[in-house]
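A.B. asks: I'm passing along run28.pdb; it holds PDB, C-alpha atoms and all ligand atoms.
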ATOM      1  CA  MET A 120     112.888  96.179 128.783
ATOM      2  CA  GLN A 121     111.896  93.808 125.985
ATOM      3  CA  ARG A 122     113.025  90.531 127.502
ATOM      4  CA  ASN A 123     110.069  88.374 126.627
ATOM      5  CA  ILE A 124     109.908  89.416 123.015
ATOM      6  CA  THR A 125     111.273  87.218 120.305
ATOM      7  CA  PHE A 126     112.046  89.049 117.158
ATOM      8  CA  LYS A 127     113.796  87.574 114.162
ATOM      9  CA  LYS A 128     115.885  90.022 112.230
ATOM     10  CA  SER A 129     114.442  88.760 108.958
ATOM     11  CA  ASP A 130     110.901  89.718 109.917
ATOM     12  CA  ASN A 131     109.283  93.046 109.308
ATOM     13  CA  PRO A 132     107.944  94.007 112.706
ATOM     14  CA  LYS A 133     104.292  94.967 113.039
ATOM     15  CA  PHE A 134     103.023  97.073 115.898
ATOM     16  CA  ILE A 135      99.951  98.131 117.736
ATOM     17  CA  ALA A 136     100.377 101.365 119.647
ATOM     18  CA  ASP A 137      98.411 101.844 122.851
ATOM     19  CA  CYS A 138      95.988 104.753 123.085
ATOM     20  CA  HIS A 139      98.583 107.215 124.403
ATOM     21  CA  LEU A 140     100.935 106.794 121.466
ATOM     22  CA  GLY A 141      98.974 108.184 118.533
ATOM     23  CA  LYS A 142     101.721 110.516 117.456
ATOM     24  CA  LEU A 143     104.285 107.740 117.455
ATOM     25  CA  ALA A 144     101.939 105.554 115.378
ATOM     26  CA  LYS A 145     101.694 108.296 112.770
ATOM     27  CA  TYR A 146     105.455 108.526 112.384
ATOM     28  CA  LEU A 147     105.858 104.775 112.160
ATOM     29  CA  ARG A 148     103.278 104.719 109.366
ATOM     30  CA  LEU A 149     105.137 107.525 107.666
ATOM     31  CA  MET A 150     108.142 105.202 107.582
ATOM     32  CA  GLY A 151     105.925 102.533 106.060
ATOM     33  CA  VAL A 152     105.845 100.427 109.217
ATOM     34  CA  ASP A 153     102.591  98.536 109.786
ATOM     35  CA  THR A 154     101.198 100.101 112.978
ATOM     36  CA  LEU A 155      97.658  99.874 114.294
ATOM     37  CA  TYR A 156      96.276 102.496 116.613
ATOM     38  CA  PHE A 157      92.922 102.890 118.305
ATOM     39  CA  PRO A 158      92.198 105.935 120.469
ATOM     40  CA  HIS A 159      89.939 103.807 122.686
ATOM     41  CA  ILE A 160      90.641 100.128 123.209
ATOM     42  CA  GLU A 161      90.579  97.782 126.211
ATOM     43  CA  ASP A 162      93.862  96.198 127.219
ATOM     44  CA  ASP A 163      92.412  92.711 126.702
ATOM     45  CA  ASP A 164      91.435  93.541 123.126
ATOM     46  CA  LEU A 165      94.812  95.081 122.500
ATOM     47  CA  ILE A 166      96.531  91.917 123.719
ATOM     48  CA  ASP A 167      94.242  89.608 121.705
ATOM     49  CA  MET A 168      94.809  91.580 118.541
ATOM     50  CA  ALA A 169      98.551  91.665 119.077
ATOM     51  CA  ASN A 170      98.700  87.902 119.554
ATOM     52  CA  ASN A 171      96.383  87.113 116.632
ATOM     53  CA  GLU A 172      98.248  89.326 114.212
ATOM     54  CA  ASN A 173     101.814  88.881 115.513
ATOM     55  CA  ARG A 174     102.148  92.491 116.538
ATOM     56  CA  PHE A 175     104.214  94.045 119.259
ATOM     57  CA  ILE A 176     102.301  96.288 121.631
ATOM     58  CA  LEU A 177     103.978  99.641 122.100
ATOM     59  CA  THR A 178     103.215 101.136 125.479
ATOM     60  CA  ARG A 179     104.424 103.244 128.368
ATOM     61  CA  ASP A 180     101.958 101.568 130.675
ATOM     62  CA  ARG A 181     103.786  99.477 133.307
ATOM     63  CA  SER A 182     100.799  97.385 134.277
ATOM     64  CA  LEU A 183     100.103  96.492 130.653
ATOM     65  CA  SER A 184     103.744  95.608 130.117
ATOM     66  CA  GLU A 185     103.593  93.198 133.044
ATOM     67  CA  ARG A 186     100.533  91.310 131.803
ATOM     68  CA  LYS A 187     101.047  87.660 130.976
ATOM     69  CA  ASN A 188     101.114  86.671 127.313
ATOM     70  CA  ALA A 189     101.268  90.252 126.199
ATOM     71  CA  PRO A 190     103.951  90.795 123.528
ATOM     72  CA  VAL A 191     104.851  94.211 124.863
ATOM     73  CA  PHE A 192     107.646  96.547 123.975
ATOM     74  CA  PHE A 193     107.855  98.942 126.892
ATOM     75  CA  LEU A 194     109.027 102.400 125.887
ATOM     76  CA  GLU A 195     110.984 104.265 128.541
ATOM     77  CA  PRO A 196     111.088 107.669 126.810
ATOM     78  CA  THR A 197     108.140 110.055 127.027
ATOM     79  CA  ASP A 198     109.201 112.092 124.028
ATOM     80  CA  THR A 199     108.068 110.965 120.563
ATOM     81  CA  LYS A 200     111.475 111.573 119.032
ATOM     82  CA  ALA A 201     113.233 109.462 121.628
ATOM     83  CA  GLN A 202     110.585 106.745 121.307
ATOM     84  CA  LEU A 203     111.100 106.583 117.570
ATOM     85  CA  LYS A 204     114.829 106.443 117.974
ATOM     86  CA  THR A 205     114.530 103.539 120.383
ATOM     87  CA  LEU A 206     112.364 101.600 117.934
ATOM     88  CA  ILE A 207     114.461 102.460 114.892
ATOM     89  CA  GLU A 208     117.553 101.123 116.631
ATOM     90  CA  TYR A 209     116.010  98.037 118.151
ATOM     91  CA  TYR A 210     114.056  96.908 115.093
ATOM     92  CA  LYS A 211     116.489  98.262 112.506
ATOM     93  CA  LEU A 212     113.635 100.233 110.980
ATOM     94  CA  ASN A 213     115.896 102.305 108.764
ATOM     95  CA  GLU A 214     116.697  99.284 106.654
ATOM     96  CA  ARG A 215     112.990  98.551 106.297
ATOM     97  CA  SER A 216     111.758 102.077 105.857
ATOM     98  CA  ALA A 217     109.468 102.767 102.891
ATOM     99  CA  PRO A 218     108.227 106.348 103.160
ATOM    100  CA  ILE A 219     104.788 107.173 101.765
ATOM    101  CA  SER A 220     103.803 103.585 101.373
ATOM    102  CA  ARG A 221     101.148 103.540 104.080
ATOM    103  CA  CYS A 222      98.276 105.845 105.002
ATOM    104  CA  ILE A 223      99.228 107.935 108.030
ATOM    105  CA  VAL A 224      95.619 108.111 109.138
ATOM    106  CA  CYS A 225      94.415 104.509 108.759
ATOM    107  CA  ASN A 226      97.521 102.346 108.147
ATOM    108  CA  THR A 227      96.296 101.013 104.773
ATOM    109  CA  PRO A 228      99.042 100.405 102.171
ATOM    110  CA  LEU A 229      98.927 103.155  99.551
ATOM    111  CA  GLN A 230      98.579 102.724  95.803
ATOM    112  CA  VAL A 231     100.174 104.862  93.142
ATOM    113  CA  ILE A 232      97.505 106.771  91.256
ATOM    114  CA  GLU A 233      97.674 108.693  87.993
ATOM    115  CA  LYS A 234      97.417 112.437  88.308
ATOM    116  CA  GLU A 235      94.690 112.741  85.713
ATOM    117  CA  LYS A 236      92.363 110.514  87.747
ATOM    118  CA  ILE A 237      92.434 112.797  90.762
ATOM    119  CA  ILE A 238      93.291 116.131  89.228
ATOM    120  CA  ASP A 239      89.912 117.658  90.036
ATOM    121  CA  SER A 240      90.317 117.082  93.745
ATOM    122  CA  LEU A 241      93.781 118.639  93.998
ATOM    123  CA  PRO A 242      94.509 122.128  95.313
ATOM    124  CA  LYS A 243      95.693 124.530  92.608
ATOM    125  CA  LYS A 244      99.338 124.649  93.619
ATOM    126  CA  VAL A 245      99.550 120.917  94.019
ATOM    127  CA  LYS A 246      98.099 120.493  90.551
ATOM    128  CA  LYS A 247     100.845 122.697  89.238
ATOM    129  CA  TYR A 248     103.912 121.461  91.081
ATOM    130  CA  PHE A 249     103.406 117.771  91.785
ATOM    131  CA  ASN A 250     103.130 114.800  89.492
ATOM    132  CA  TYR A 251     103.498 111.794  91.732
ATOM    133  CA  PHE A 252     100.580 110.758  93.905
ATOM    134  CA  GLU A 253      99.570 107.895  96.095
ATOM    135  CA  TYR A 254      96.098 107.065  97.213
ATOM    136  CA  CYS A 255      94.459 105.391 100.217
ATOM    137  CA  SER A 256      91.561 103.277  99.006
ATOM    138  CA  ASN A 257      90.226 102.965 102.539
ATOM    139  CA  CYS A 258      89.839 106.612 103.520
ATOM    140  CA  ASP A 259      90.158 108.272 100.105
ATOM    141  CA  ARG A 260      93.157 110.411 101.024
ATOM    142  CA  ILE A 261      95.648 111.489  98.401
ATOM    143  CA  TYR A 262      99.331 111.822  99.258
ATOM    144  CA  TRP A 263     102.031 113.853  97.592
ATOM    145  CA  GLN A 264     105.442 115.058  98.686
ATOM    146  CA  GLY A 265     104.371 118.534  99.752
ATOM    147  CA  ASP A 266     105.264 120.701 102.739
ATOM    148  CA  HIS A 267     103.636 118.490 105.312
ATOM    149  CA  TYR A 268     105.541 115.500 104.006
ATOM    150  CA  ARG A 269     108.777 117.479 103.949
ATOM    151  CA  HIS A 270     108.355 118.602 107.550
ATOM    152  CA  MET A 271     107.761 115.072 108.663
ATOM    153  CA  MET A 272     110.808 113.830 106.792
ATOM    154  CA  GLU A 273     112.898 116.563 108.397
ATOM    155  CA  PHE A 274     111.666 115.450 111.773
ATOM    156  CA  MET A 275     112.669 111.873 110.912
ATOM    157  CA  ALA A 276     116.111 113.010 109.829
ATOM    158  CA  GLN A 277     116.528 114.800 113.165
ATOM    159  CA  VAL A 278     115.521 111.679 115.029
ATOM    160  CA  GLN A 279     118.139 109.694 113.217
ATOM    161  CA  ASN A 280     120.928 112.214 113.601
ATOM    162  CA  GLU A 281     120.541 112.847 117.296
ATOM    163  CA  SER A 282     122.486 110.610 119.590
TER     164      SER A 282
HETATM  165 ZN    ZN B   1      93.703 105.855 104.838
END
Show me the file's structure as C-alpha cells.

C.D. replies:
Amino acid sequence: MQRNITFKKSDNPKFIADCHLGKLAKYLRLMGVDTLYFPHIEDDDLIDMANNENRFILTRDRSLSERKNAPVFFLEPTDTKAQLKTLIEYYKLNERSAPISRCIVCNTPLQVIEKEKIIDSLPKKVKKYFNYFEYCSNCDRIYWQGDHYRHMMEFMAQVQNES
C-alpha cells in the first residue's frame, strides 16, 4: 500500500490531497495537519508540488499511485471516516494533533486574536458565550469553539473509537 514511502517517525507529515478528497483534507486541517487541497489540479503538478514540499499525496487513484517518483499514499477506503482512521494510525496523527491551529478552508496556520479586535464581526450569541478566538490572516475567517467545531470534534472522536 505505501511501500515506496519513507517516513521518519520524528517528522510531522505533510500532505496534499487529490481532488476527490476535499472532505478528508478538511478533517486533517481540523487536526492541525498541514494538508494542501486543490479542487482542480493536474497529476503532474500534484507530483511536482509533493516532491518540492516533501508532501505525501493522498489518493484513491490507482494510476496516480503507480506513477514513478510520486510519493503516494494510496487509500483503500472510500469512506472519509475510514480514510482518516487509516492515516491516524499510520502516521500517528493523534500524537501530533493540534485542533484549531490551521484554517480548515485554506490550510494557513491560525493566530490567536483578542476578542475586542473582532467583536464587531461576531454574531450576537458568539459575542456573548465565547472568549477565545483564532484568526486566519489569509482568508479573514474567525474560529471559535462553537457548534460546528463541536460536531467536527465528535466526528473525530468517533473515528478514533471505532475499530
Ligand atoms: Zn484561511

A.B. asks: Going by the chain IDs and residue numbers used in this file, which residues fall under the PyMOL selection byres (((chain A and resi 145) around 12) and not hetatm)? Write them as JSON, numbers by chain.

C.D. replies: {"A": [134, 135, 136, 140, 141, 142, 143, 144, 146, 147, 148, 149, 150, 151, 152, 153, 154, 155, 156, 157, 199, 203, 218, 219, 221, 222, 223, 224, 225, 226, 268, 271, 275]}

A.B. asks: Do you have the CA of Tyr251 in chain A-CA of Ile238 in chain A distance handy?

C.D. replies: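 Computing the Euclidean distance for CA of Tyr251 in chain A and CA of Ile238 in chain A yields 11.4 Å.
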
A.B. asks: Interatomic distance between CA of Leu165 in chain A and CA of Arg181 in chain A?

C.D. replies: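 According to the coordinates, CA of Leu165 in chain A and CA of Arg181 in chain A are separated by 14.7 Å.
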
A.B. asks: Of the candidates A:Arg179, A:Lys236, A:His267, A:Lys246, which one gets nearest to Val191 in chain A if we count all atoms listed in the file?

C.D. replies: A:Arg179

A.B. asks: I'd like the box whose edges run along x, y and z of the file and which contains every listed atom of range 165-172 of chain A, padded by 8 Å per side; could you state its centre and edge lengths in Å, one decimal, as JSON?

C.D. replies:
{"center_x": 96.5, "center_y": 91.1, "center_z": 119.0, "size_x": 20.5, "size_y": 24.0, "size_z": 25.5}

A.B. asks: Evaluated on this file, the PyMOL selection byres (((chain A and resi 281) around 12) and not hetatm) picks out some residues - which ones are they, written as a PyMOL selection string?

C.D. replies: chain A and resi 200-201+203-205+274-280+282

A.B. asks: Please provide as a PyMOL selection string all residues within 8 Å of Val231 in chain A, with the sequence filter that same-chain residues fewer than 4 positions apart are discarded (counting all atoms listed in the file).

C.D. replies: chain A and resi 251-254

A.B. asks: From the set A:Leu206, A:Leu183, A:Cys138, A:Cys258, which residue has the shortest atom-to-atom contact distance to ligand ZN 1 (chain B), counting only C-alpha atoms and all ligand atoms?

C.D. replies: A:Cys258

A.B. asks: Kindly give the distance, in Å, that separates CA of Phe192 in chain A and CA of Asn170 in chain A, rounded to a single decimal.

C.D. replies: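 If I compute the distance from CA of Phe192 in chain A to CA of Asn170 in chain A, I get 13.2 Å.
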
A.B. asks: I want to know what sits within 9 Å of Phe249 in chain A, based on all atoms listed in the file, with residues of the same chain fewer than 5 positions away left out; could you give that as number ranges by chain?

C.D. replies: A: 234, 244, 263-265

A.B. asks: So which residues are close to (103.4, 88.3, 129.5), meaning at most 12 Å away in the file's coordinates with all atoms listed in the file counted, and can you show them as a ChimeraX atom specification?

C.D. replies: /A:121-124,166,169-170,175-176,181-193

A.B. asks: Between A:Leu241, A:Glu235, A:Met168, A:Leu229, which is the closest to ligand ZN 1 (chain B) once you count only C-alpha atoms and all ligand atoms?

C.D. replies: A:Leu229

A.B. asks: Under the rule that all atoms listed in the file are counted, which of A:Ala217, A:Met272, A:Val245, A:Ile261 is the nearest residue to ligand ZN 1 (chain B)?

C.D. replies: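 Ranking A:Ala217, A:Met272, A:Val245, A:Ile261 by distance to ligand ZN 1 (chain B), first place goes to A:Ile261.
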